[in-house]
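Peer 1: This one is structure_6.pdb, PDB, C-alpha atoms, pLDDT in the B column.
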```pdb
ATOM      1  CA  MET H   1       5.637  -1.513  16.846  1.00 88.00           C
ATOM      2  CA  LEU H   2       2.122  -1.168  15.473  1.00 93.00           C
ATOM      3  CA  ASN H   3      -0.536   0.206  17.824  1.00 96.00           C
ATOM      4  CA  ILE H   4      -3.847  -1.636  17.762  1.00 97.00           C
ATOM      5  CA  ASN H   5      -6.748   0.106  19.475  1.00 97.00           C
ATOM      6  CA  LEU H   6     -10.153  -1.403  20.127  1.00 97.00           C
ATOM      7  CA  VAL H   7     -12.859   1.121  20.921  1.00 98.00           C
ATOM      8  CA  CYS H   8     -15.920  -0.729  22.158  1.00 96.00           C
ATOM      9  CA  VAL H   9     -19.294   0.248  23.580  1.00 95.00           C
ATOM     10  CA  GLY H  10     -20.230  -1.684  26.723  1.00 93.00           C
ATOM     11  CA  LYS H  11     -18.369  -3.381  29.522  1.00 92.00           C
ATOM     12  CA  ILE H  12     -17.373  -7.033  29.649  1.00 92.00           C
ATOM     13  CA  LYS H  13     -18.968  -8.603  32.715  1.00 90.00           C
ATOM     14  CA  GLU H  14     -18.369 -12.311  32.124  1.00 94.00           C
ATOM     15  CA  ASN H  15     -15.107 -13.633  33.583  1.00 96.00           C
ATOM     16  CA  TYR H  16     -14.601 -16.234  30.851  1.00 95.00           C
ATOM     17  CA  LEU H  17     -14.650 -13.471  28.204  1.00 95.00           C
ATOM     18  CA  LYS H  18     -12.290 -11.298  30.262  1.00 95.00           C
ATOM     19  CA  GLU H  19      -9.917 -14.266  30.554  1.00 97.00           C
ATOM     20  CA  ALA H  20     -10.043 -14.954  26.805  1.00 96.00           C
ATOM     21  CA  MET H  21      -9.344 -11.291  26.039  1.00 96.00           C
ATOM     22  CA  ALA H  22      -6.466 -11.233  28.531  1.00 97.00           C
ATOM     23  CA  GLU H  23      -4.974 -14.338  26.909  1.00 96.00           C
ATOM     24  CA  TYR H  24      -5.077 -12.818  23.430  1.00 97.00           C
ATOM     25  CA  ALA H  25      -3.735  -9.498  24.766  1.00 97.00           C
ATOM     26  CA  LYS H  26      -0.797 -11.423  26.217  1.00 97.00           C
ATOM     27  CA  ARG H  27      -0.190 -13.256  22.929  1.00 96.00           C
ATOM     28  CA  LEU H  28      -0.453 -10.026  20.934  1.00 97.00           C
ATOM     29  CA  SER H  29       2.110  -8.208  23.093  1.00 97.00           C
ATOM     30  CA  LYS H  30       4.832  -9.874  20.987  1.00 96.00           C
ATOM     31  CA  TYR H  31       3.485  -8.235  17.788  1.00 95.00           C
ATOM     32  CA  CYS H  32       1.829  -4.935  18.714  1.00 96.00           C
ATOM     33  CA  HIS H  33       0.860  -2.526  21.437  1.00 97.00           C
ATOM     34  CA  LEU H  34      -2.802  -3.241  22.264  1.00 97.00           C
ATOM     35  CA  GLU H  35      -5.161  -0.800  23.923  1.00 97.00           C
ATOM     36  CA  ILE H  36      -8.819  -1.529  24.631  1.00 97.00           C
ATOM     37  CA  THR H  37     -11.155   1.344  25.426  1.00 96.00           C
ATOM     38  CA  GLU H  38     -14.553   0.402  26.827  1.00 95.00           C
ATOM     39  CA  LEU H  39     -17.188   3.108  26.625  1.00 96.00           C
ATOM     40  CA  ALA H  40     -20.384   3.139  28.678  1.00 93.00           C
ATOM     41  CA  ASP H  41     -23.415   2.018  26.733  1.00 91.00           C
ATOM     42  CA  GLN H  42     -26.788   3.725  26.851  1.00 90.00           C
ATOM     43  CA  LYS H  43     -29.505   1.955  28.796  1.00 87.00           C
ATOM     44  CA  LEU H  44     -32.152   0.515  26.498  1.00 85.00           C
ATOM     45  CA  PRO H  45     -35.790   1.221  27.361  1.00 84.00           C
ATOM     46  CA  SER H  46     -38.273  -1.654  27.396  1.00 86.00           C
ATOM     47  CA  LYS H  47     -39.816  -0.379  24.137  1.00 85.00           C
ATOM     48  CA  LEU H  48     -37.714   0.929  21.284  1.00 83.00           C
ATOM     49  CA  TYR H  49     -38.998   3.519  18.840  1.00 87.00           C
ATOM     50  CA  ASN H  50     -37.067   4.826  15.836  1.00 89.00           C
ATOM     51  CA  SER H  51     -36.464   8.188  17.503  1.00 89.00           C
ATOM     52  CA  ILE H  52     -35.041   6.488  20.615  1.00 89.00           C
ATOM     53  CA  ILE H  53     -32.881   4.140  18.524  1.00 91.00           C
ATOM     54  CA  LEU H  54     -31.421   7.104  16.617  1.00 92.00           C
ATOM     55  CA  GLU H  55     -30.800   9.018  19.847  1.00 93.00           C
ATOM     56  CA  ILE H  56     -28.976   6.084  21.462  1.00 94.00           C
ATOM     57  CA  LYS H  57     -26.869   5.426  18.350  1.00 94.00           C
ATOM     58  CA  GLU H  58     -26.001   9.134  18.163  1.00 96.00           C
ATOM     59  CA  LYS H  59     -24.864   9.285  21.820  1.00 96.00           C
ATOM     60  CA  GLU H  60     -22.794   6.116  21.587  1.00 96.00           C
ATOM     61  CA  SER H  61     -21.283   7.047  18.206  1.00 96.00           C
ATOM     62  CA  CYS H  62     -20.296  10.457  19.574  1.00 96.00           C
ATOM     63  CA  LYS H  63     -18.408   8.744  22.423  1.00 97.00           C
ATOM     64  CA  ILE H  64     -16.680   6.446  19.931  1.00 97.00           C
ATOM     65  CA  GLU H  65     -15.650   9.351  17.718  1.00 96.00           C
ATOM     66  CA  LYS H  66     -14.036  11.135  20.673  1.00 96.00           C
ATOM     67  CA  ALA H  67     -12.083   7.972  21.594  1.00 97.00           C
ATOM     68  CA  ILE H  68     -10.513   7.467  18.148  1.00 96.00           C
ATOM     69  CA  LYS H  69      -6.877   8.463  18.105  1.00 90.00           C
ATOM     70  CA  THR H  70      -5.821  11.101  15.598  1.00 88.00           C
ATOM     71  CA  ASP H  71      -4.114   9.754  12.464  1.00 90.00           C
ATOM     72  CA  SER H  72      -5.295   6.214  13.112  1.00 95.00           C
ATOM     73  CA  TYR H  73      -6.551   3.950  10.335  1.00 96.00           C
ATOM     74  CA  VAL H  74     -10.134   3.217  11.393  1.00 97.00           C
ATOM     75  CA  ILE H  75     -11.913  -0.058  10.729  1.00 98.00           C
ATOM     76  CA  ALA H  76     -15.522  -0.314  11.881  1.00 98.00           C
ATOM     77  CA  LEU H  77     -17.169  -3.661  12.489  1.00 96.00           C
ATOM     78  CA  ASP H  78     -20.573  -3.552  10.823  1.00 94.00           C
ATOM     79  CA  LEU H  79     -23.001  -6.058   9.324  1.00 91.00           C
ATOM     80  CA  LYS H  80     -22.833  -4.214   5.974  1.00 92.00           C
ATOM     81  CA  GLY H  81     -19.035  -4.343   5.918  1.00 95.00           C
ATOM     82  CA  THR H  82     -16.795  -6.456   3.728  1.00 95.00           C
ATOM     83  CA  GLU H  83     -16.310 -10.084   4.695  1.00 95.00           C
ATOM     84  CA  MET H  84     -12.791 -11.410   4.235  1.00 95.00           C
ATOM     85  CA  SER H  85     -10.719 -14.483   4.909  1.00 95.00           C
ATOM     86  CA  SER H  86      -8.126 -14.582   7.694  1.00 94.00           C
ATOM     87  CA  GLU H  87      -5.400 -14.387   5.047  1.00 95.00           C
ATOM     88  CA  ALA H  88      -6.956 -11.275   3.463  1.00 96.00           C
ATOM     89  CA  PHE H  89      -7.355  -9.710   6.915  1.00 97.00           C
ATOM     90  CA  SER H  90      -3.686 -10.400   7.601  1.00 96.00           C
ATOM     91  CA  LYS H  91      -2.680  -8.744   4.323  1.00 96.00           C
ATOM     92  CA  LYS H  92      -4.904  -5.760   5.143  1.00 95.00           C
ATOM     93  CA  ILE H  93      -3.165  -5.187   8.495  1.00 95.00           C
ATOM     94  CA  GLU H  94       0.225  -5.602   6.848  1.00 93.00           C
ATOM     95  CA  GLN H  95      -0.658  -3.117   4.072  1.00 93.00           C
ATOM     96  CA  ILE H  96      -1.861  -0.522   6.583  1.00 93.00           C
ATOM     97  CA  SER H  97       1.338  -0.775   8.612  1.00 88.00           C
ATOM     98  CA  VAL H  98       3.530  -0.561   5.492  1.00 86.00           C
ATOM     99  CA  THR H  99       1.790   2.613   4.277  1.00 83.00           C
ATOM    100  CA  GLY H 100       3.090   4.542   7.278  1.00 74.00           C
ATOM    101  CA  LYS H 101       0.158   4.252   9.653  1.00 74.00           C
ATOM    102  CA  SER H 102       1.422   3.324  13.105  1.00 88.00           C
ATOM    103  CA  SER H 103      -2.051   2.898  14.560  1.00 94.00           C
ATOM    104  CA  ILE H 104      -5.146   0.910  13.619  1.00 97.00           C
ATOM    105  CA  THR H 105      -8.385   1.499  15.500  1.00 98.00           C
ATOM    106  CA  PHE H 106     -11.162  -1.076  15.361  1.00 98.00           C
ATOM    107  CA  ILE H 107     -14.543   0.191  16.485  1.00 97.00           C
ATOM    108  CA  ILE H 108     -17.372  -1.957  17.801  1.00 96.00           C
ATOM    109  CA  GLY H 109     -20.638  -0.143  18.417  1.00 94.00           C
ATOM    110  CA  GLY H 110     -23.326  -0.876  20.939  1.00 92.00           C
ATOM    111  CA  THR H 111     -26.305  -3.186  20.662  1.00 89.00           C
ATOM    112  CA  LEU H 112     -28.062  -0.925  18.164  1.00 91.00           C
ATOM    113  CA  GLY H 113     -24.993  -0.290  16.023  1.00 92.00           C
ATOM    114  CA  MET H 114     -23.410   2.988  14.950  1.00 96.00           C
ATOM    115  CA  THR H 115     -24.623   6.030  13.037  1.00 96.00           C
ATOM    116  CA  GLU H 116     -24.135   6.158   9.274  1.00 96.00           C
ATOM    117  CA  LYS H 117     -22.078   9.315   9.822  1.00 96.00           C
ATOM    118  CA  LEU H 118     -19.587   7.448  12.029  1.00 97.00           C
ATOM    119  CA  LEU H 119     -19.442   4.482   9.657  1.00 97.00           C
ATOM    120  CA  LYS H 120     -18.654   6.851   6.766  1.00 96.00           C
ATOM    121  CA  THR H 121     -15.750   8.405   8.690  1.00 95.00           C
ATOM    122  CA  ALA H 122     -14.128   4.974   9.029  1.00 97.00           C
ATOM    123  CA  ASN H 123     -11.515   4.078   6.427  1.00 96.00           C
ATOM    124  CA  GLU H 124     -13.422   0.857   5.894  1.00 96.00           C
ATOM    125  CA  THR H 125     -15.972  -1.480   7.417  1.00 97.00           C
ATOM    126  CA  ILE H 126     -15.643  -5.216   7.889  1.00 96.00           C
ATOM    127  CA  CYS H 127     -18.127  -7.899   8.835  1.00 95.00           C
ATOM    128  CA  PHE H 128     -17.265 -11.123  10.601  1.00 91.00           C
ATOM    129  CA  SER H 129     -20.508 -12.869   9.702  1.00 89.00           C
ATOM    130  CA  GLN H 130     -24.094 -12.222   8.705  1.00 86.00           C
ATOM    131  CA  MET H 131     -25.029 -14.069  11.887  1.00 87.00           C
ATOM    132  CA  THR H 132     -25.670 -12.021  15.027  1.00 83.00           C
ATOM    133  CA  PHE H 133     -23.265 -12.402  17.959  1.00 84.00           C
ATOM    134  CA  PRO H 134     -23.073 -10.640  21.293  1.00 83.00           C
ATOM    135  CA  HIS H 135     -20.769  -7.619  21.040  1.00 82.00           C
ATOM    136  CA  GLN H 136     -18.690  -8.945  23.925  1.00 86.00           C
ATOM    137  CA  LEU H 137     -18.020 -12.181  22.047  1.00 92.00           C
ATOM    138  CA  ILE H 138     -17.086 -10.285  18.867  1.00 94.00           C
ATOM    139  CA  ARG H 139     -14.271  -8.646  20.848  1.00 95.00           C
ATOM    140  CA  VAL H 140     -12.780 -12.069  21.497  1.00 96.00           C
ATOM    141  CA  PHE H 141     -13.248 -13.033  17.829  1.00 95.00           C
ATOM    142  CA  LEU H 142     -11.544  -9.815  16.744  1.00 97.00           C
ATOM    143  CA  LEU H 143      -8.571 -10.276  19.079  1.00 97.00           C
ATOM    144  CA  GLU H 144      -8.173 -13.861  17.891  1.00 97.00           C
ATOM    145  CA  GLN H 145      -8.247 -12.764  14.247  1.00 97.00           C
ATOM    146  CA  ILE H 146      -5.719  -9.987  14.875  1.00 97.00           C
ATOM    147  CA  PHE H 147      -3.435 -12.538  16.551  1.00 97.00           C
ATOM    148  CA  ARG H 148      -3.977 -14.961  13.658  1.00 96.00           C
ATOM    149  CA  ALA H 149      -3.211 -12.149  11.186  1.00 96.00           C
ATOM    150  CA  PHE H 150       0.188 -11.506  12.772  1.00 95.00           C
ATOM    151  CA  LYS H 151       0.977 -15.227  12.812  1.00 95.00           C
ATOM    152  CA  ILE H 152       0.056 -15.491   9.118  1.00 95.00           C
ATOM    153  CA  SER H 153       2.126 -12.454   8.117  1.00 93.00           C
ATOM    154  CA  LYS H 154       5.159 -13.808  10.037  1.00 93.00           C
ATOM    155  CA  ASN H 155       4.604 -17.246   8.490  1.00 92.00           C
ATOM    156  CA  GLU H 156       4.403 -18.764  11.962  1.00 91.00           C
ATOM    157  CA  THR H 157       2.416 -21.882  12.726  1.00 87.00           C
ATOM    158  CA  TYR H 158      -1.005 -21.406  14.312  1.00 75.00           C
ATOM    159  CA  HIS H 159      -3.467 -20.907  11.507  1.00 56.00           C
ATOM    160  CA  TRP H 160      -3.018 -24.240   9.751  1.00 54.00           C
TER     161      TRP H 160
END
```
Using structure tokens, write down the structure from this file.

Peer 2:
Amino acid sequence: MLNINLVCVGKIKENYLKEAMAEYAKRLSKYCHLEITELADQKLPSKLYNSIILEIKEKESCKIEKAIKTDSYVIALDLKGTEMSSEAFSKKIEQISVTGKSSITFIIGGTLGMTEKLLKTANETICFSQMTFPHQLIRVFLLEQIFRAFKISKNETYHW
């Protein structure tokens, strides 16, 4: 069974988001082993300067890098990443699993994003939208799309 890992900066505080994530985790248990790692985010000062932004991104990216499992195919969520349809995303997950990788790690950075160095170590970057969403909500979107991807690849009804 494929291992799907989400490495995310920040904790989910809202119960409705926790419930949505738990629902998708339950649905995904039929298709993969899901693990979600939440990493502590850095506190943002009231005024942000470039040097502070870089320092925060560096600290958070370092935590992310340490949480990525060895020999995992890494997909970073980033605004400069490739946008794709649900069908293309499904094919991507299928291709990764067929090529012998037993683990896919999705990384979601903190409020300020991730360092270029971390983004370059990812196998690829994807973007859900050019619009800005809270990182907590993107986790729900990602879980839903992973679930949809498995349904598409198994030709099961859901995505129609």

Peer 1: Skipping near chain neighbours, those fewer than 2 positions away, what residues fall within 6 Å of range 68-82 of chain H using all atoms listed in the file, listed as a PyMOL selection string?

Peer 2: chain H and resi 65-66+103-108+122-127

Peer 1: At a cut-off of 10 Å around the point (-4.7, -12.0, 14.9) (file coordinates), what residues fall inside when counting all atoms listed in the file? I'd like the answer as a PDB file with C-alpha atoms, in the coordinates of the input.

Peer 2:
```pdb
ATOM      1  CA  TYR H  24      -5.077 -12.818  23.430  1.00 97.00           C
ATOM      2  CA  ARG H  27      -0.190 -13.256  22.929  1.00 96.00           C
ATOM      3  CA  LEU H  28      -0.453 -10.026  20.934  1.00 97.00           C
ATOM      4  CA  TYR H  31       3.485  -8.235  17.788  1.00 95.00           C
ATOM      5  CA  SER H  86      -8.126 -14.582   7.694  1.00 94.00           C
ATOM      6  CA  PHE H  89      -7.355  -9.710   6.915  1.00 97.00           C
ATOM      7  CA  SER H  90      -3.686 -10.400   7.601  1.00 96.00           C
ATOM      8  CA  ILE H  93      -3.165  -5.187   8.495  1.00 95.00           C
ATOM      9  CA  PHE H 141     -13.248 -13.033  17.829  1.00 95.00           C
ATOM     10  CA  LEU H 142     -11.544  -9.815  16.744  1.00 97.00           C
ATOM     11  CA  LEU H 143      -8.571 -10.276  19.079  1.00 97.00           C
ATOM     12  CA  GLU H 144      -8.173 -13.861  17.891  1.00 97.00           C
ATOM     13  CA  GLN H 145      -8.247 -12.764  14.247  1.00 97.00           C
ATOM     14  CA  ILE H 146      -5.719  -9.987  14.875  1.00 97.00           C
ATOM     15  CA  PHE H 147      -3.435 -12.538  16.551  1.00 97.00           C
ATOM     16  CA  ARG H 148      -3.977 -14.961  13.658  1.00 96.00           C
ATOM     17  CA  ALA H 149      -3.211 -12.149  11.186  1.00 96.00           C
ATOM     18  CA  PHE H 150       0.188 -11.506  12.772  1.00 95.00           C
ATOM     19  CA  LYS H 151       0.977 -15.227  12.812  1.00 95.00           C
ATOM     20  CA  ILE H 152       0.056 -15.491   9.118  1.00 95.00           C
ATOM     21  CA  SER H 153       2.126 -12.454   8.117  1.00 93.00           C
ATOM     22  CA  HIS H 159      -3.467 -20.907  11.507  1.00 56.00           C
TER      23      HIS H 159
END
```

Peer 1: Applied to this file, what does the PyMOL selection byres ((chain H and resi 39-54) around 9) return in terms of residues, put as a PyMOL selection string?

Peer 2: chain H and resi 7-11+37-38+55-60+63-64+67+110-112+115

Peer 1: Next, write the just-selected residues to a file, as a PDB file, keeping the file's coordinate frame, keeping C-alpha atoms as the atom set.

Peer 2:
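Result written to result_23.pdb:
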```pdb
ATOM      1  CA  VAL H   7     -12.859   1.121  20.921  1.00 98.00           C
ATOM      2  CA  CYS H   8     -15.920  -0.729  22.158  1.00 96.00           C
ATOM      3  CA  VAL H   9     -19.294   0.248  23.580  1.00 95.00           C
ATOM      4  CA  GLY H  10     -20.230  -1.684  26.723  1.00 93.00           C
ATOM      5  CA  LYS H  11     -18.369  -3.381  29.522  1.00 92.00           C
ATOM      6  CA  THR H  37     -11.155   1.344  25.426  1.00 96.00           C
ATOM      7  CA  GLU H  38     -14.553   0.402  26.827  1.00 95.00           C
ATOM      8  CA  GLU H  55     -30.800   9.018  19.847  1.00 93.00           C
ATOM      9  CA  ILE H  56     -28.976   6.084  21.462  1.00 94.00           C
ATOM     10  CA  LYS H  57     -26.869   5.426  18.350  1.00 94.00           C
ATOM     11  CA  GLU H  58     -26.001   9.134  18.163  1.00 96.00           C
ATOM     12  CA  LYS H  59     -24.864   9.285  21.820  1.00 96.00           C
ATOM     13  CA  GLU H  60     -22.794   6.116  21.587  1.00 96.00           C
ATOM     14  CA  LYS H  63     -18.408   8.744  22.423  1.00 97.00           C
ATOM     15  CA  ILE H  64     -16.680   6.446  19.931  1.00 97.00           C
ATOM     16  CA  ALA H  67     -12.083   7.972  21.594  1.00 97.00           C
ATOM     17  CA  GLY H 110     -23.326  -0.876  20.939  1.00 92.00           C
ATOM     18  CA  THR H 111     -26.305  -3.186  20.662  1.00 89.00           C
ATOM     19  CA  LEU H 112     -28.062  -0.925  18.164  1.00 91.00           C
ATOM     20  CA  THR H 115     -24.623   6.030  13.037  1.00 96.00           C
TER      21      THR H 115
END
```

Peer 1: Please determine, counting only C-alpha atoms, which residue among H:Cys62, H:Ala88, H:Leu118, H:Ile36 has the shortest atom-to-atom distance to Lys18 in chain H.

Peer 2: H:Ile36

Peer 1: Between H:Gln95, H:Glu19, H:Lys30, H:Gly109, which is the closest to Ile138 in chain H once you count only C-alpha atoms?

Peer 2: H:Gly109

Peer 1: Please report the interatomic distance between CA of Ser129 in chain H and CA of Ala22 in chain H in Å with one decimal.

Peer 2: 23.5 Å

Peer 1: Let me make sure I understand: among H:Glu35, H:Glu156, H:Glu83, H:Glu94, which one has the smallest atom-to-atom distance to Met131 in chain H if we use only C-alpha atoms?

Peer 2: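 Closest residue, counting only C-alpha atoms: H:Glu83.
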
Peer 1: Once the PyMOL selection byres ((chain H and resi 3) around 7) is applied to the coordinates I shared, what remains selected? I want it as a PDB file with C-alpha atoms, in the frame of the given file.

Peer 2:
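Okay, result.pdb is ready:
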```pdb
ATOM      1  CA  MET H   1       5.637  -1.513  16.846  1.00 88.00           C
ATOM      2  CA  LEU H   2       2.122  -1.168  15.473  1.00 93.00           C
ATOM      3  CA  ILE H   4      -3.847  -1.636  17.762  1.00 97.00           C
ATOM      4  CA  ASN H   5      -6.748   0.106  19.475  1.00 97.00           C
ATOM      5  CA  CYS H  32       1.829  -4.935  18.714  1.00 96.00           C
ATOM      6  CA  HIS H  33       0.860  -2.526  21.437  1.00 97.00           C
ATOM      7  CA  LEU H  34      -2.802  -3.241  22.264  1.00 97.00           C
ATOM      8  CA  SER H 102       1.422   3.324  13.105  1.00 88.00           C
ATOM      9  CA  SER H 103      -2.051   2.898  14.560  1.00 94.00           C
ATOM     10  CA  ILE H 104      -5.146   0.910  13.619  1.00 97.00           C
TER      11      ILE H 104
END
```

Peer 1: Distance CA of Lys117 in chain H-CA of Leu137 in chain H, one decimal place?

Peer 2: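 Going from CA of Lys117 in chain H over to CA of Leu137 in chain H covers 25.1 Å.
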
Peer 1: Using CA of Thr121 in chain H and CA of Lys91 in chain H as the two end points, give the distance in Å to one decimal.

Peer 2: 22.0 Å

Peer 1: Output as JSON the centre and edge lengths (Å, one decimal) of the box along x, y and z of the file that holds every listed atom of range 22-26 of chain H after adding 5 Å on each side.

Peer 2:
```
{"center_x": -3.6, "center_y": -11.9, "center_z": 26.0, "size_x": 15.7, "size_y": 14.8, "size_z": 15.1}
```
